[in-house]
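A.B. asks: Here's a structure for you.
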Amino acid sequence: MGMESKFIWMNGELLPYEKATLHFLTPALHYGAAVFEGIRAYNTPKGPAIFRLKEHAERLLDSAHIFGFREMPFTLEQVMTAIKDTVRANEFKDCYIRPLIYLDGGGWNLTVDGGKPSLAVAAWEWGNYLGEEAMKKGIRANVSSYTRHHPNVTMTKAKVAGNYVNSFLAKTESTRLGFDEAIMLDPQGFVAECTGENLFVVRHGKIITPSTAPVLEGITRHSIHTIAQDLGYRILEQPISRDQLYIADEVFVCGTAAEMIGLSEIDFRKIGEGVTGPVTAQLQAIYHDAIRGKIEKYESWCDYVG
Ligand code: PPE
């Protein structure tokens, strides 16, 4: 994966890629004391546009607030401008954008108050994360032996860097076992989410997804929810058991990096016909047009880089 770019934005400056480095003693590296976002920009008929920029920038600042940073050096407007400036300076059309607010200095006494938060934004060209093939065929998943976060152990609404150790454990186990993605259950034993995606089940024409209480409030989840609702589907937020996955007509997962992908198999059990199902394919097609600014109704989701 080529992650190179011309510039990385750091604390107000666009630095050449090679200059965007941090000291070994940055506490974020030792304790995961950072919060981040994953955002995508897509080429549209009116030029590159960042998909749901405001919602992502708001969630970044919400994550910082949840983590406990009290004084943010940048406002919502400044965060949004920094993200747009990074995409524009790199002259990317389609790219993945990674803003990160990290504890810069201090932190050795395990409090966020000893240091100050810094902001950096990188962008790189990253095609579909699980592969183009996966869009049609679907992917194979396992239910992880690792449990998803208890909502009072780490904060499930915040994209705290340290939270992702749980995802690393689950995804590494999953790929070593020969699967493509891991599904994690919440501490009560109900389906929570994947390592970097929210999950939906389709059964008897209804779409079901876990409530947001134990999972990240995915922005893709919200977009898909809106699209499905506009198409007249009934969407329920309710607990999903492991065996409800096995007998679903379709299961799909969604997130910024992964976009929207059907699951063909879970724990060696075929899901539906064992390929991307019709509801998933229908939503996938609309989602892909929406992110590229091709659907007027959803154009307000596209923030043009200009
Ligand atoms: N759950 C988790 C745990 C998660 O990390 C993501 C995003 C989602 C759900 C979906 O959220 P949203 O992108 O707002 O629809 N995961 C980000 C990081 C993935 C990675 O591999 O790194 C992402 O998709 O950018």
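Labels used: A, B, ... for chains in the order of the structure tokens, numbers from 1 for residues in each chain, and numbers from 1 for ligands as shown.
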Excluding range 98-102 of chain A and its own-chain neighbours fewer than 4 positions away, which residues fall within 10 Å of it when counting only C-alpha atoms? Please give them as JSON, numbers by chain.
C.D. replies: {"A": [8, 9, 10, 11, 26, 27, 28, 29, 32, 33, 34, 35, 36, 37, 38, 39, 40, 56, 57, 60, 61, 63, 64, 69, 72, 79, 82, 83, 86, 115, 116, 117, 118, 119, 120, 121, 122, 123, 124, 159, 160, 161]}
A.B. asks: Kindly work out which residues sit at most 8 Å from ligand 1, using only C-alpha atoms and all ligand atoms, and give the list as a PyMOL selection string.
C.D. replies: chain A and resi 37-40+56+96+98+129+159+164+167+193-198+215-222+254-259
A.B. asks: Mind checking which residues fall within 12 Å of range 239-249 of chain A, counting only C-alpha atoms, ignoring those fewer than 4 positions away in the same chain, and posting them as JSON, numbers by chain?
C.D. replies: {"A": [141, 142, 143, 144, 183, 184, 185, 186, 188, 189, 190, 191, 192, 193, 199, 200, 201, 202, 203, 204, 205, 206, 207, 208, 209, 210, 211, 212, 213, 214, 215, 262, 263, 264, 265, 266, 267, 268, 269, 270, 271, 272, 273, 274, 275, 276, 277, 278, 279, 280]}
A.B. asks: Quick one: pick out all strand (DSSP E or B) residues within range 118-187 of chain A from a backbone DSSP run and write them as a PyMOL selection string.
C.D. replies: chain A and resi 118-124+139-143+160+181-185
A.B. asks: For a quick check of understanding, using only C-alpha atoms, which of A:Val112, A:Val305, A:Phe168, A:Ile286 has the smallest distance to Thr226 in chain A?
C.D. replies: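 Distance minimum relative to Thr226 in chain A lands on A:Ile286.
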A.B. asks: Identify which of the residues A:His288, A:Lys6, A:Arg52, A:Arg176 lies closest to Asn90 in chain A, counting only C-alpha atoms when measuring atom-to-atom distances.
C.D. replies: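 When distances to Asn90 in chain A are compared using only C-alpha atoms, the smallest one comes from A:Lys6.
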